[in-house]
Amino acid sequence: NITAKQLAEALRVPLRNRKLMAIEETEYDDEPQDLSELRQQAWKSFGAYSLDDVKPTVSEFSSFAARPFTYASPRTPQGNSYKALPSAYRHDFAFARRFIQDFKKARAQDPSVEADIKLDEEFCCYLIGVGHAPFSREVMRKWREDHPEASAAARSAGLQLIMEALAAGMGITFEVSFEDSDVQWLLEALPALEGRL
């Protein structure tokens, strides 16, 4: 688990059997100017490389709405804001798409390279209605009922990114525990996701 700025140092660490190791790029640091080149080196060195904690900004998922809406976050049973999506975020969908493009370049050179996009808990709440909190299912069910346009936009945005990642040959990770019924609609919409989630 490394930040983008730590990637160059990680590549210099003398390690045996790197191809048996997987690394994960976290969102906790600004990126270096040569991040794409460093990623290419990482795919040559390590067995797999994942992009952690991906979620859209409000403007990114709002662009998928059938008509304009005013975003309001879900509320906890106590009435507090719950898993509000940000207006700016380092590992947003635009950043994830750059990661996908970098992976496609690496796979063109070596078809054996592996990668995952990891959708964070906050966006899993919007996409499949599940978070870590025991009340998350009920909170997100109510939010979907109260905000159908926003809910549909969030699902459409997530579907589009997952489709792009799958088309590139990547896997998808949801950073929550879920039931088969939570993702059945997703597997029906994207049969290629079967076995890669």
# chains A, B, ... in the order shown; residues from 1 in each chain; ligands from 1
$ closest_atom_pairs --of "stretch 84-119 of chain A" --to "stretch 8-19 of chain A" --cutoff "12 Å" --atoms "only C-alpha atoms" --output "tab-separated table"
residue	atom	partner	partner_atom	distance
A:Ser112	CA	A:Lys19	CA	10.6
A:Val113	CA	A:Lys19	CA	9.6
A:Glu114	CA	A:Lys19	CA	10.5
$ select_by_dssp --residues "stretch 15-89 of chain A" --states "strand (DSSP E or B)" --output "number ranges by chain"
A: 22-26, 48-54, 75, 81
$ atom_distance --atom1 "atom CA of A:Gln101" --atom2 "atom CA of A:Ala48"
15.5 Å
$ closest_residue --among "A:Phe64, A:Phe103, A:Tyr89, A:Ser81" --to "A:Ala42" --atoms "only C-alpha atoms"
A:Phe103
$ closest_residue --among "A:Glu121, A:Glu138, A:Glu37, A:Glu25" --to "A:Phe95" --atoms "only C-alpha atoms"
A:Glu25
$ residues_around --residues "A:Lys5" --least-positions-apart "5" --cutoff "12 Å" --atoms "only C-alpha atoms" --output "PyMOL selection string"
chain A and resi 10-11+25-36+38-39
$ residues_around --residues "A:Glu60" --least-positions-apart "3" --cutoff "8 Å" --atoms "only C-alpha atoms" --output "list in words"
Pro56, Thr57, Ser63, Phe64, Phe93 and Ala157 of chain A
